[in-house]
$ cat input.txt   # compact mmCIF, C-alpha atoms
# COMPACT_ATOMS: atom_id res chain seq x y z
CA MET A 28 90.26 111.02 79.83
CA VAL A 29 90.65 113.24 82.90
CA PRO A 30 89.11 111.55 85.96
CA SER A 31 86.34 113.43 87.73
CA ARG A 32 84.44 113.22 91.00
CA GLN A 33 81.31 111.09 90.99
CA ILE A 34 80.58 110.52 94.69
CA LEU A 35 78.95 113.67 95.98
CA THR A 36 75.99 112.48 98.06
CA PRO A 37 75.31 109.65 100.54
CA GLU A 38 73.25 108.00 97.79
CA ASP A 39 76.24 108.11 95.42
CA LEU A 40 78.39 106.51 98.11
CA ALA A 41 75.84 103.75 98.70
CA ARG A 42 75.88 102.94 94.97
CA PHE A 43 79.67 103.01 94.92
CA LYS A 44 79.91 100.54 97.82
CA GLU A 45 77.88 98.08 95.75
CA SER A 46 79.83 98.72 92.54
CA ASP A 47 82.35 96.56 90.71
CA ILE A 48 85.12 99.14 91.13
CA CYS A 49 84.72 99.18 94.93
CA LYS A 50 85.02 95.40 94.90
CA GLU A 51 88.08 95.67 92.63
CA LEU A 52 89.79 98.15 94.95
CA MET A 53 89.34 95.92 98.00
CA GLU A 54 90.32 92.77 96.11
CA PHE A 55 93.49 94.53 94.95
CA ILE A 56 94.39 95.65 98.47
CA ASN A 57 93.72 92.13 99.79
CA ALA A 58 95.89 90.61 97.06
CA LEU A 59 98.74 93.01 97.87
CA ASN A 60 98.37 92.16 101.54
CA ASP A 61 98.38 88.40 100.88
CA SER A 62 101.55 88.71 98.82
CA ILE A 63 103.65 89.97 101.76
CA ILE A 64 102.43 87.79 104.63
CA GLY A 65 105.52 86.65 106.52
CA ILE A 66 107.85 88.77 104.35
CA LYS A 67 110.36 91.17 105.91
CA THR A 68 110.95 94.63 104.49
CA LYS A 69 114.64 93.90 103.87
CA ASP A 70 114.15 90.40 102.41
CA GLU A 71 115.67 89.84 98.98
CA ILE A 72 112.91 90.34 96.40
CA GLU A 73 113.58 90.45 92.69
CA ASP A 74 112.42 93.60 90.94
CA SER A 75 111.04 93.40 87.42
CA SER A 76 111.88 96.16 84.96
CA VAL A 77 108.61 98.01 85.69
CA ILE A 78 109.29 97.89 89.44
CA GLN A 79 112.72 99.38 88.83
CA LYS A 80 111.16 102.15 86.73
CA LEU A 81 108.60 102.91 89.46
CA LEU A 82 111.39 103.16 92.02
CA GLY A 83 113.24 105.52 89.70
CA PHE A 84 110.11 107.64 89.40
CA LEU A 85 109.83 107.91 93.20
CA GLU A 86 113.51 108.85 93.40
CA ASN A 87 112.74 111.74 91.05
CA VAL A 88 109.99 112.83 93.44
CA GLN A 89 112.41 112.70 96.36
CA MET A 90 115.03 114.69 94.43
CA THR A 91 112.44 117.35 93.64
CA ASN A 92 111.62 117.53 97.34
CA LYS A 93 115.31 118.10 98.11
CA ASP A 94 115.67 120.72 95.37
CA ILE A 95 112.72 122.83 96.52
CA LYS A 96 113.62 124.07 99.99
CA PRO A 97 110.97 125.01 102.56
CA LEU A 98 110.56 128.69 103.34
CA ASP A 99 111.41 130.06 106.79
CA THR A 100 107.90 131.07 107.84
CA LYS A 101 108.13 130.53 111.64
CA SER A 102 104.80 128.73 111.38
CA ARG A 103 103.79 125.18 112.22
CA PHE A 104 101.20 125.11 109.46
CA GLY A 105 101.90 123.85 105.94
CA ASN A 106 104.92 125.45 104.29
CA PRO A 107 104.04 127.44 101.12
CA ALA A 108 107.09 125.98 99.30
CA TYR A 109 105.07 122.77 99.01
CA ARG A 110 102.96 124.48 96.35
CA ASP A 111 106.11 124.91 94.24
CA PHE A 112 106.89 121.22 94.73
CA TYR A 113 103.32 120.33 93.78
CA LYS A 114 103.42 122.42 90.59
CA LYS A 115 106.79 120.97 89.60
CA CYS A 116 105.46 117.44 90.01
CA GLN A 117 102.35 118.34 88.04
CA GLU A 118 104.64 119.42 85.21
CA MET A 119 107.07 116.50 85.43
CA ILE A 120 104.89 113.45 86.21
CA PRO A 121 104.05 112.79 82.53
CA VAL A 122 107.78 112.98 81.76
CA TRP A 123 108.78 110.72 84.65
CA LEU A 124 106.13 108.15 83.75
CA ALA A 125 106.64 108.28 79.98
CA ASP A 126 108.39 104.90 79.82
CA ILE A 127 105.84 103.25 82.13
CA VAL A 128 102.38 104.51 81.15
CA PRO A 129 101.07 104.50 77.54
CA ALA A 130 100.50 107.97 76.11
CA ASP A 131 96.78 107.28 75.63
CA ASN A 132 96.36 106.67 79.36
CA MET A 133 98.80 109.27 80.70
CA GLU A 134 96.30 112.05 81.41
CA GLU A 135 94.12 109.75 83.47
CA VAL A 136 96.83 107.83 85.34
CA SER A 137 98.92 110.89 86.14
CA LYS A 138 95.95 112.49 87.91
CA TYR A 139 95.94 109.73 90.52
CA VAL A 140 99.69 110.12 90.96
CA GLN A 141 99.41 113.88 91.44
CA GLU A 142 96.62 113.45 93.99
CA SER A 143 98.67 110.88 95.91
CA PHE A 144 101.15 113.56 97.06
CA GLY A 145 98.56 115.65 98.91
CA ASN A 146 96.55 118.78 98.20
CA GLY A 147 98.52 121.65 96.69
CA ARG A 148 96.09 124.33 97.83
CA ARG A 149 95.45 123.22 101.41
CA ILE A 150 98.99 121.81 101.88
CA ASP A 151 97.61 118.75 103.60
CA TYR A 152 97.71 114.98 103.30
CA GLY A 153 95.57 112.10 104.53
CA THR A 154 94.22 108.64 103.85
CA GLY A 155 92.38 109.78 100.73
CA HIS A 156 95.65 110.84 99.12
CA GLU A 157 97.23 107.53 100.13
CA LEU A 158 94.28 105.77 98.44
CA ASN A 159 95.13 107.60 95.22
CA PHE A 160 98.53 105.92 95.14
CA ILE A 161 96.81 102.53 95.41
CA ALA A 162 94.51 103.66 92.58
CA PHE A 163 97.60 104.46 90.50
CA LEU A 164 98.98 100.96 91.12
CA LEU A 165 95.59 99.43 90.33
CA CYS A 166 95.55 101.33 87.03
CA LEU A 167 98.93 99.84 86.16
CA PHE A 168 97.62 96.37 86.98
CA LYS A 169 94.44 96.83 84.93
CA LEU A 170 96.53 98.09 82.01
CA ASP A 171 98.65 94.90 82.32
CA ILE A 172 101.77 96.96 83.05
CA VAL A 173 102.36 95.27 86.41
CA LYS A 174 101.62 91.57 86.91
CA LYS A 175 100.52 89.52 89.91
CA THR A 176 104.10 88.31 90.17
CA ASP A 177 105.08 91.95 90.90
CA PHE A 178 102.74 92.31 93.88
CA ARG A 179 105.29 91.48 96.58
CA ALA A 180 107.83 93.98 95.22
CA LEU A 181 105.00 96.45 94.62
CA VAL A 182 104.33 96.56 98.37
CA ILE A 183 107.77 95.96 99.90
CA HIS A 184 109.71 98.15 97.48
CA VAL A 185 107.39 100.56 95.60
CA PHE A 186 104.74 101.29 98.24
CA TYR A 187 107.34 101.49 101.00
CA LYS A 188 109.39 103.87 98.83
CA TYR A 189 106.25 105.97 98.39
CA ILE A 190 105.82 106.13 102.18
CA GLU A 191 109.46 107.20 102.50
CA ALA A 192 108.84 109.93 99.91
CA MET A 193 105.74 111.10 101.78
CA ARG A 194 107.64 111.18 105.08
CA GLY A 195 110.13 113.44 103.34
CA LEU A 196 107.37 115.79 102.23
CA GLN A 197 105.77 115.75 105.67
CA MET A 198 109.09 116.57 107.32
CA SER A 199 110.12 119.22 104.78
CA TYR A 200 106.86 121.06 104.23
CA TRP A 201 105.01 120.21 107.46
CA LEU A 202 101.95 118.95 105.61
CA GLU A 203 98.84 119.35 107.72
CA PRO A 204 96.72 116.28 108.51
CA ALA A 205 93.76 116.25 106.12
CA GLY A 206 90.50 116.77 107.98
CA SER A 207 91.32 116.54 111.67
CA HIS A 208 93.86 113.72 111.85
CA GLY A 209 93.79 112.28 108.37
CA VAL A 210 90.26 111.03 109.22
CA TRP A 211 91.31 107.44 109.94
CA GLY A 212 95.02 107.86 109.50
CA LEU A 213 96.55 105.94 112.40
CA ASP A 214 99.52 108.33 112.59
CA ASP A 215 97.78 111.55 111.43
CA TYR A 216 98.51 110.71 107.78
CA HIS A 217 98.62 107.00 106.92
CA PHE A 218 96.64 103.81 107.25
CA LEU A 219 97.93 101.28 104.70
CA PRO A 220 101.52 100.84 105.97
CA PHE A 221 99.97 99.68 109.26
CA LEU A 222 97.69 97.30 107.35
CA PHE A 223 100.50 95.85 105.22
CA GLY A 224 102.85 95.87 108.21
CA ALA A 225 100.41 93.71 110.16
CA GLY A 226 100.32 91.40 107.15
CA GLN A 227 104.10 91.04 107.30
CA LEU A 228 103.87 90.05 110.97
CA ARG A 229 100.85 87.79 110.57
CA THR A 230 102.79 84.51 110.86
CA HIS A 231 105.50 85.64 113.29
CA LYS A 232 105.98 83.11 116.08
CA TYR A 233 107.20 85.42 118.82
CA LEU A 234 106.41 89.09 118.22
CA ARG A 235 102.94 90.12 119.38
CA PRO A 236 100.86 93.30 118.90
CA LYS A 237 101.74 94.40 122.44
CA SER A 238 105.41 94.42 121.38
CA ILE A 239 104.95 97.99 120.14
CA HIS A 240 105.27 99.16 123.75
CA ASN A 241 108.85 97.84 123.96
CA PRO A 242 111.30 100.49 122.63
CA GLU A 243 114.05 97.90 122.14
CA ILE A 244 111.83 95.77 119.91
CA LEU A 245 110.83 98.84 117.88
CA ASP A 246 114.49 99.77 117.37
CA GLU A 247 115.54 96.24 116.45
CA PHE A 248 112.67 95.29 114.15
CA SER A 249 111.59 98.61 112.55
CA LYS A 250 113.78 97.86 109.53
CA ASP A 251 112.11 94.48 109.09
CA TYR A 252 108.44 95.37 109.51
CA MET A 253 106.47 98.40 108.36
CA TYR A 254 104.19 98.34 111.38
CA PHE A 255 107.06 98.76 113.83
CA GLU A 256 108.61 101.46 111.66
CA CYS A 257 105.32 103.37 111.64
CA VAL A 258 105.02 103.19 115.44
CA ARG A 259 108.67 104.19 115.83
CA PHE A 260 108.05 107.21 113.60
CA VAL A 261 104.99 108.28 115.61
CA ASN A 262 106.96 108.01 118.85
CA SER A 263 109.76 110.11 117.34
CA ILE A 264 107.51 113.11 116.67
CA LYS A 265 105.08 112.96 119.59
CA THR A 266 105.82 113.24 123.27
CA GLY A 267 104.36 111.24 126.11
CA SER A 268 102.81 107.80 126.14
CA ILE A 269 101.40 106.23 122.98
CA ARG A 270 98.26 105.63 125.03
CA TRP A 271 97.74 109.39 125.03
CA HIS A 272 98.95 110.57 121.65
CA SER A 273 97.84 107.55 119.55
CA PRO A 274 94.98 105.81 121.38
CA MET A 275 93.86 103.85 118.32
CA ILE A 276 97.31 102.28 117.89
CA ASP A 277 97.32 101.56 121.61
CA ASP A 278 93.89 99.90 121.43
CA ILE A 279 95.00 97.71 118.51
CA SER A 280 98.00 96.50 120.52
CA GLY A 281 95.57 94.68 122.82
CA ALA A 282 94.69 92.17 120.06
CA LYS A 283 95.82 88.60 120.67
CA SER A 284 97.46 88.04 117.28
CA TRP A 285 98.73 89.86 114.22
CA GLU A 286 96.21 87.91 112.16
CA LYS A 287 93.39 89.58 114.10
CA VAL A 288 95.09 92.97 113.66
CA ASN A 289 95.57 92.44 109.92
CA ILE A 290 92.01 91.25 109.28
CA GLY A 291 90.63 93.99 111.52
CA LEU A 292 92.54 96.73 109.71
CA ILE A 293 91.30 95.47 106.33
CA LYS A 294 87.71 95.67 107.61
CA MET A 295 88.38 99.09 109.14
CA PHE A 296 89.89 100.40 105.90
CA GLN A 297 86.84 99.26 103.95
CA ALA A 298 84.43 100.79 106.46
CA GLU A 299 86.24 103.96 107.48
CA VAL A 300 88.15 104.96 104.35
CA ILE A 301 86.52 103.36 101.30
CA GLY A 302 83.12 103.62 102.96
CA LYS A 303 83.19 107.24 104.13
CA LEU A 304 81.84 110.19 102.16
CA PRO A 305 84.35 112.74 103.58
CA ILE A 306 87.12 110.79 101.82
CA MET A 307 85.41 109.32 98.79
CA GLN A 308 83.75 112.61 97.76
CA HIS A 309 87.21 113.64 96.53
CA PHE A 310 88.07 110.37 94.77
CA MET A 311 87.94 110.51 90.99
CA PHE A 312 86.90 108.04 88.31
CA GLY A 313 87.71 107.75 84.63
CA SER A 314 87.80 105.03 82.01
CA ILE A 315 90.24 102.71 83.82
CA LEU A 316 88.69 102.99 87.27
CA SER A 317 85.12 103.50 86.15
CA PHE A 318 82.05 104.36 88.18
CA ALA A 319 79.01 105.88 86.51
CA GLY A 320 76.67 105.75 89.47
CA GLY A 321 77.11 109.35 90.58
CA SER A 322 74.18 111.75 90.69
CA MET A 323 76.09 114.51 88.91
CA SER A 324 76.94 114.63 85.22
CA GLY A 325 80.57 114.49 84.11
CA GLU A 326 80.73 118.19 83.22
CA LEU A 327 79.17 119.30 86.50
CA ALA A 328 81.50 117.00 88.43
CA LYS A 329 84.50 118.65 86.76
CA GLU A 330 83.11 122.09 87.64
CA ALA A 331 82.68 120.99 91.28
CA GLU A 332 86.32 119.92 91.34
CA HIS A 333 87.46 123.35 90.14
CA GLU A 334 85.23 125.11 92.67
CA ASP A 335 87.08 123.62 95.65
CA HIS A 336 88.09 126.96 97.19
CA ASP A 337 88.66 128.20 100.72
CA GLY A 338 85.22 129.68 101.15
CA CYS A 339 82.15 127.86 102.45
CA ALA A 340 80.26 127.66 99.17
CA HIS A 341 81.59 124.23 98.27
CA PRO A 342 81.62 120.66 99.64
CA HIS A 343 83.19 120.63 103.10
CA ILE A 344 86.28 118.73 104.17
CA TYR A 345 84.95 116.83 107.17
CA ALA A 346 87.17 115.86 110.07
CA PHE A 347 86.46 112.57 111.82
CA GLY A 348 83.57 113.10 114.21
CA GLN A 349 82.39 116.26 112.45
CA GLU A 350 79.06 115.77 110.72
CA PHE A 351 78.36 119.50 110.33
CA PRO A 352 81.59 121.53 110.58
CA ASP A 353 81.36 125.30 110.75
CA CYS A 354 83.87 125.67 107.96
CA CYS A 355 86.03 123.34 105.89
CA GLY A 356 88.92 125.76 106.24
CA ILE A 357 89.83 124.62 109.77
CA LYS A 358 93.59 124.12 109.82
CA VAL A 359 95.35 121.61 112.07
CA PRO A 360 99.07 122.18 112.68
CA SER A 361 101.51 119.39 111.97
CA ALA A 362 102.85 117.38 114.93
CA ILE A 363 106.05 117.02 112.90
CA ALA A 364 106.33 120.81 112.83
CA ALA A 365 105.86 121.00 116.58
CA ALA A 366 108.55 118.37 117.17
CA GLN A 367 111.05 120.08 114.88
CA ALA A 368 110.35 123.49 116.38
CA ALA A 369 110.87 122.10 119.88
CA ARG A 370 114.22 120.61 118.83
CA GLU A 371 115.29 123.94 117.34
CA ASN A 372 114.43 125.67 120.62
CA SER A 373 116.36 123.17 122.70
CA THR A 374 119.49 123.46 120.54
CA SER A 375 119.34 127.26 120.41
CA GLY A 376 118.74 127.60 124.14
CA ASP A 377 116.09 130.24 123.47
CA SER A 378 112.94 129.46 125.45
CA ARG A 379 111.20 132.67 124.37
CA LYS A 380 110.26 131.49 120.86
CA THR A 381 106.53 131.37 121.19
CA PHE A 382 105.96 129.72 117.81
CA ALA A 383 107.35 126.47 119.22
CA ARG A 384 104.77 126.02 121.97
CA PRO A 385 103.47 122.45 121.98
CA ILE A 386 99.89 121.64 121.07
CA PRO A 387 97.94 119.01 123.04
CA PHE A 388 99.35 115.50 122.62
CA ASP A 389 102.03 116.56 120.13

$ encode --input "input.txt" --output "structure tokens"
Amino acid sequence: MVPSRQILTPEDLARFKESDICKELMEFINALNDSIIGIKTKDEIEDSSVIQKLLGFLENVQMTNKDIKPLDTKSRFGNPAYRDFYKKCQEMIPVWLADIVPADNMEEVSKYVQESFGNGRRIDYGTGHELNFIAFLLCLFKLDIVKKTDFRALVIHVFYKYIEAMRGLQMSYWLEPAGSHGVWGLDDYHFLPFLFGAGQLRTHKYLRPKSIHNPEILDEFSKDYMYFECVRFVNSIKTGSIRWHSPMIDDISGAKSWEKVNIGLIKMFQAEVIGKLPIMQHFMFGSILSFAGGSMSGELAKEAEHEDHDGCAHPHIYAFGQEFPDCCGIKVPSAIAAAQAARENSTSGDSRKTFARPIPFD
């Protein structure tokens, strides 16, 4: 069964928020979070055979990224070579997952995997795509392919490997932030590595949320904790103070404990990602992750999915703070692209390259 969109109106979203599948999604995320409280990223964790296969799958994704080189477009917007990567993955995902996912479920499960790498037409990525990877993992759990005993490795090894793969795509193809800044992506793209990273730090005796402002702590502990690695990455691609370029991360650093940060991010994820129409209008449901509360029939929902073109005669892609955007085709350049272009200028010594001009708070 090919998953299709079911949440197309505020009424659909309200029904979804009261549904069993919404509860399942949040319970799954909470269970993953609980499994890694106090655990370092480089701690020794035993991988089951399915975890090893999932890591091998993500290595294939990374190899495909390396094989398909970005085009020299002199533009800070999404690189068109990403579409070739996207098509290659679309072709190969069923092959890569053949020894993990049963053939009867492949069509459905592979759709979530494909969506987790971004949008092949818009060349963008945001929290909704990240949610699709969690949906993929939830499918594996509901199919009894991964067990509760795999949860720790699922976060520390598989999910972290997925983030590494996405960083590679963002760096190679300069994926644009979906919406305005990934809607509620804390670093333009992601939310969950911050959430899980806060879970890792939840019982730490000495490190505090305000520690993110200490560059030495970030350098020393970024390999141990996802949260510090995420902040380090943001600082590496944006100039100026974190108070200016990432005010939400800065605000969170004022919390008294990592427990408050972790619990707060879980609540924020539920309210601002799972609970927002701009994101959930693109989420799809099938027989494994089932929701039949949508106002549109299955066939019409599939048609709506295929009608997602660049014009204005389709559901808009809302940026955070935009209730009525003029057009869903607004493009936001990648901060990664700006940082790389600036480095190229500084090494070449040519200050006349106008395509490398910084954008506000890059």

$ closest_residue --input "input.txt" --among "A:Ile183, A:Leu316, A:Leu81, A:Ala108" --to "Lys169 in chain A" --atoms "only C-alpha atoms"
A:Leu316

$ atom_distance --input "input.txt" --atom1 "CA of Arg149 in chain A" --atom2 "CA of Ser137 in chain A"
19.9 Å

$ residues_around --input "input.txt" --residues "Ile172 in chain A" --least-positions-apart "4" --cutoff "12 Å" --atoms "all atoms listed in the file" --output "count of residues only"
20

$ closest_residue --input "input.txt" --among "A:Ala130, A:Ala125, A:Phe144, A:Ile290" --to "Arg110 in chain A" --atoms "only C-alpha atoms"
A:Phe144

$ atom_distance --input "input.txt" --atom1 "CA of Val182 in chain A" --atom2 "CA of Thr68 in chain A"
9.2 Å

$ residues_around --input "input.txt" --residues "Asp246 in chain A" --least-positions-apart "3" --cutoff "9 Å" --atoms "only C-alpha atoms" --output "list in words"
Asn241, Pro242, Glu243, Ser249, Lys250, Phe255, Glu256 and Arg259 of chain A

$ atom_distance --input "input.txt" --atom1 "CA of Asp278 in chain A" --atom2 "CA of Tyr254 in chain A"
14.5 Å

$ closest_residue --input "input.txt" --among "A:Ile306, A:Met253, A:Phe296, A:Phe112" --to "Asn87 in chain A" --atoms "all atoms listed in the file"
A:Phe112

$ closest_residue --input "input.txt" --among "A:Gly83, A:Gln297, A:His217, A:Glu71" --to "Asn57 in chain A" --atoms "all atoms listed in the file"
A:Gln297

$ closest_residue --input "input.txt" --among "A:Met90, A:Leu304, A:Ile120, A:Leu222" --to "Ile56 in chain A" --atoms "all atoms listed in the file"
A:Leu222

$ residues_around --input "input.txt" --residues "range 35-50 of chain A" --least-positions-apart "4" --cutoff "7 Å" --atoms "all atoms listed in the file" --output "ChimeraX atom specification"
/A:54,302,304,308,316-318,320-322

$ write_last_selection --input "input.txt" --atoms "C-alpha atoms" --output "short mmCIF file (atom, residue, chain, number, x, y, z; two decimals), keeping the file's coordinate frame"
data_model
loop_
_atom_site.label_atom_id
_atom_site.label_comp_id
_atom_site.auth_asym_id
_atom_site.auth_seq_id
_atom_site.Cartn_x
_atom_site.Cartn_y
_atom_site.Cartn_z
CA GLU A 54 90.32 92.77 96.11
CA GLY A 302 83.12 103.62 102.96
CA LEU A 304 81.84 110.19 102.16
CA GLN A 308 83.75 112.61 97.76
CA LEU A 316 88.69 102.99 87.27
CA SER A 317 85.12 103.50 86.15
CA PHE A 318 82.05 104.36 88.18
CA GLY A 320 76.67 105.75 89.47
CA GLY A 321 77.11 109.35 90.58
CA SER A 322 74.18 111.75 90.69
#

$ residues_around --input "input.txt" --residues "Ile72 in chain A" --least-positions-apart "5" --cutoff "9 Å" --atoms "all atoms listed in the file" --output "PyMOL selection string"
chain A and resi 179-180+183-184

$ write_last_selection --input "input.txt" --atoms "C-alpha atoms" --output "short mmCIF file (atom, residue, chain, number, x, y, z; two decimals), in the coordinates of the input"
data_model
loop_
_atom_site.label_atom_id
_atom_site.label_comp_id
_atom_site.auth_asym_id
_atom_site.auth_seq_id
_atom_site.Cartn_x
_atom_site.Cartn_y
_atom_site.Cartn_z
CA ARG A 179 105.29 91.48 96.58
CA ALA A 180 107.83 93.98 95.22
CA ILE A 183 107.77 95.96 99.90
CA HIS A 184 109.71 98.15 97.48
#

$ closest_residue --input "input.txt" --among "A:Asp99, A:Asp151, A:Glu157, A:Asp171" --to "Ala205 in chain A" --atoms "all atoms listed in the file"
A:Asp151

$ build_atoms --input "input.txt" --residues "range 104-125 of chain A" --atoms "N, CA and C atoms" --output "mmCIF file, in the coordinates of the input"
data_model
loop_
_atom_site.group_PDB
_atom_site.id
_atom_site.type_symbol
_atom_site.label_atom_id
_atom_site.label_comp_id
_atom_site.auth_asym_id
_atom_site.auth_seq_id
_atom_site.Cartn_x
_atom_site.Cartn_y
_atom_site.Cartn_z
ATOM 1 N N PHE A 104 102.141 125.545 110.485
ATOM 2 C CA PHE A 104 101.200 125.110 109.460
ATOM 3 C C PHE A 104 101.972 124.802 108.174
ATOM 4 N N GLY A 105 101.267 124.281 107.178
ATOM 5 C CA GLY A 105 101.900 123.850 105.940
ATOM 6 C C GLY A 105 102.783 124.918 105.314
ATOM 7 N N ASN A 106 103.964 124.507 104.860
ATOM 8 C CA ASN A 106 104.920 125.450 104.290
ATOM 9 C C ASN A 106 104.549 125.764 102.838
ATOM 10 N N PRO A 107 104.463 127.049 102.477
ATOM 11 C CA PRO A 107 104.040 127.440 101.120
ATOM 12 C C PRO A 107 104.935 126.887 100.013
ATOM 13 N N ALA A 108 106.190 126.532 100.329
ATOM 14 C CA ALA A 108 107.090 125.980 99.300
ATOM 15 C C ALA A 108 106.558 124.667 98.745
ATOM 16 N N TYR A 109 105.670 124.016 99.502
ATOM 17 C CA TYR A 109 105.070 122.770 99.010
ATOM 18 C C TYR A 109 104.309 123.006 97.711
ATOM 19 N N ARG A 110 103.705 124.193 97.576
ATOM 20 C CA ARG A 110 102.960 124.480 96.350
ATOM 21 C C ARG A 110 103.888 124.494 95.136
ATOM 22 N N ASP A 111 105.127 124.948 95.334
ATOM 23 C CA ASP A 111 106.110 124.910 94.240
ATOM 24 C C ASP A 111 106.468 123.460 93.905
ATOM 25 N N PHE A 112 106.635 122.648 94.945
ATOM 26 C CA PHE A 112 106.890 121.220 94.730
ATOM 27 C C PHE A 112 105.729 120.594 93.964
ATOM 28 N N TYR A 113 104.525 120.905 94.375
ATOM 29 C CA TYR A 113 103.320 120.330 93.780
ATOM 30 C C TYR A 113 103.225 120.695 92.287
ATOM 31 N N LYS A 114 103.485 121.967 91.989
ATOM 32 C CA LYS A 114 103.420 122.420 90.590
ATOM 33 C C LYS A 114 104.509 121.771 89.746
ATOM 34 N N LYS A 115 105.694 121.619 90.329
ATOM 35 C CA LYS A 115 106.790 120.970 89.600
ATOM 36 C C LYS A 115 106.452 119.523 89.283
ATOM 37 N N CYS A 116 105.872 118.831 90.249
ATOM 38 C CA CYS A 116 105.460 117.440 90.010
ATOM 39 C C CYS A 116 104.370 117.375 88.948
ATOM 40 N N GLN A 117 103.431 118.296 89.021
ATOM 41 C CA GLN A 117 102.350 118.340 88.040
ATOM 42 C C GLN A 117 102.923 118.457 86.618
ATOM 43 N N GLU A 118 103.975 119.218 86.498
ATOM 44 C CA GLU A 118 104.640 119.420 85.210
ATOM 45 C C GLU A 118 105.450 118.199 84.788
ATOM 46 N N MET A 119 106.100 117.539 85.752
ATOM 47 C CA MET A 119 107.070 116.500 85.430
ATOM 48 C C MET A 119 106.522 115.072 85.450
ATOM 49 N N ILE A 120 105.404 114.823 86.111
ATOM 50 C CA ILE A 120 104.890 113.450 86.210
ATOM 51 C C ILE A 120 104.734 112.786 84.848
ATOM 52 N N PRO A 121 104.144 113.451 83.841
ATOM 53 C CA PRO A 121 104.050 112.790 82.530
ATOM 54 C C PRO A 121 105.414 112.452 81.931
ATOM 55 N N VAL A 122 106.418 113.252 82.244
ATOM 56 C CA VAL A 122 107.780 112.980 81.760
ATOM 57 C C VAL A 122 108.368 111.790 82.503
ATOM 58 N N TRP A 123 108.225 111.795 83.825
ATOM 59 C CA TRP A 123 108.780 110.720 84.650
ATOM 60 C C TRP A 123 108.129 109.373 84.353
ATOM 61 N N LEU A 124 106.855 109.398 83.981
ATOM 62 C CA LEU A 124 106.130 108.150 83.750
ATOM 63 C C LEU A 124 106.063 107.749 82.280
ATOM 64 N N ALA A 125 106.756 108.492 81.436
ATOM 65 C CA ALA A 125 106.640 108.280 79.980
ATOM 66 C C ALA A 125 107.012 106.867 79.542
#
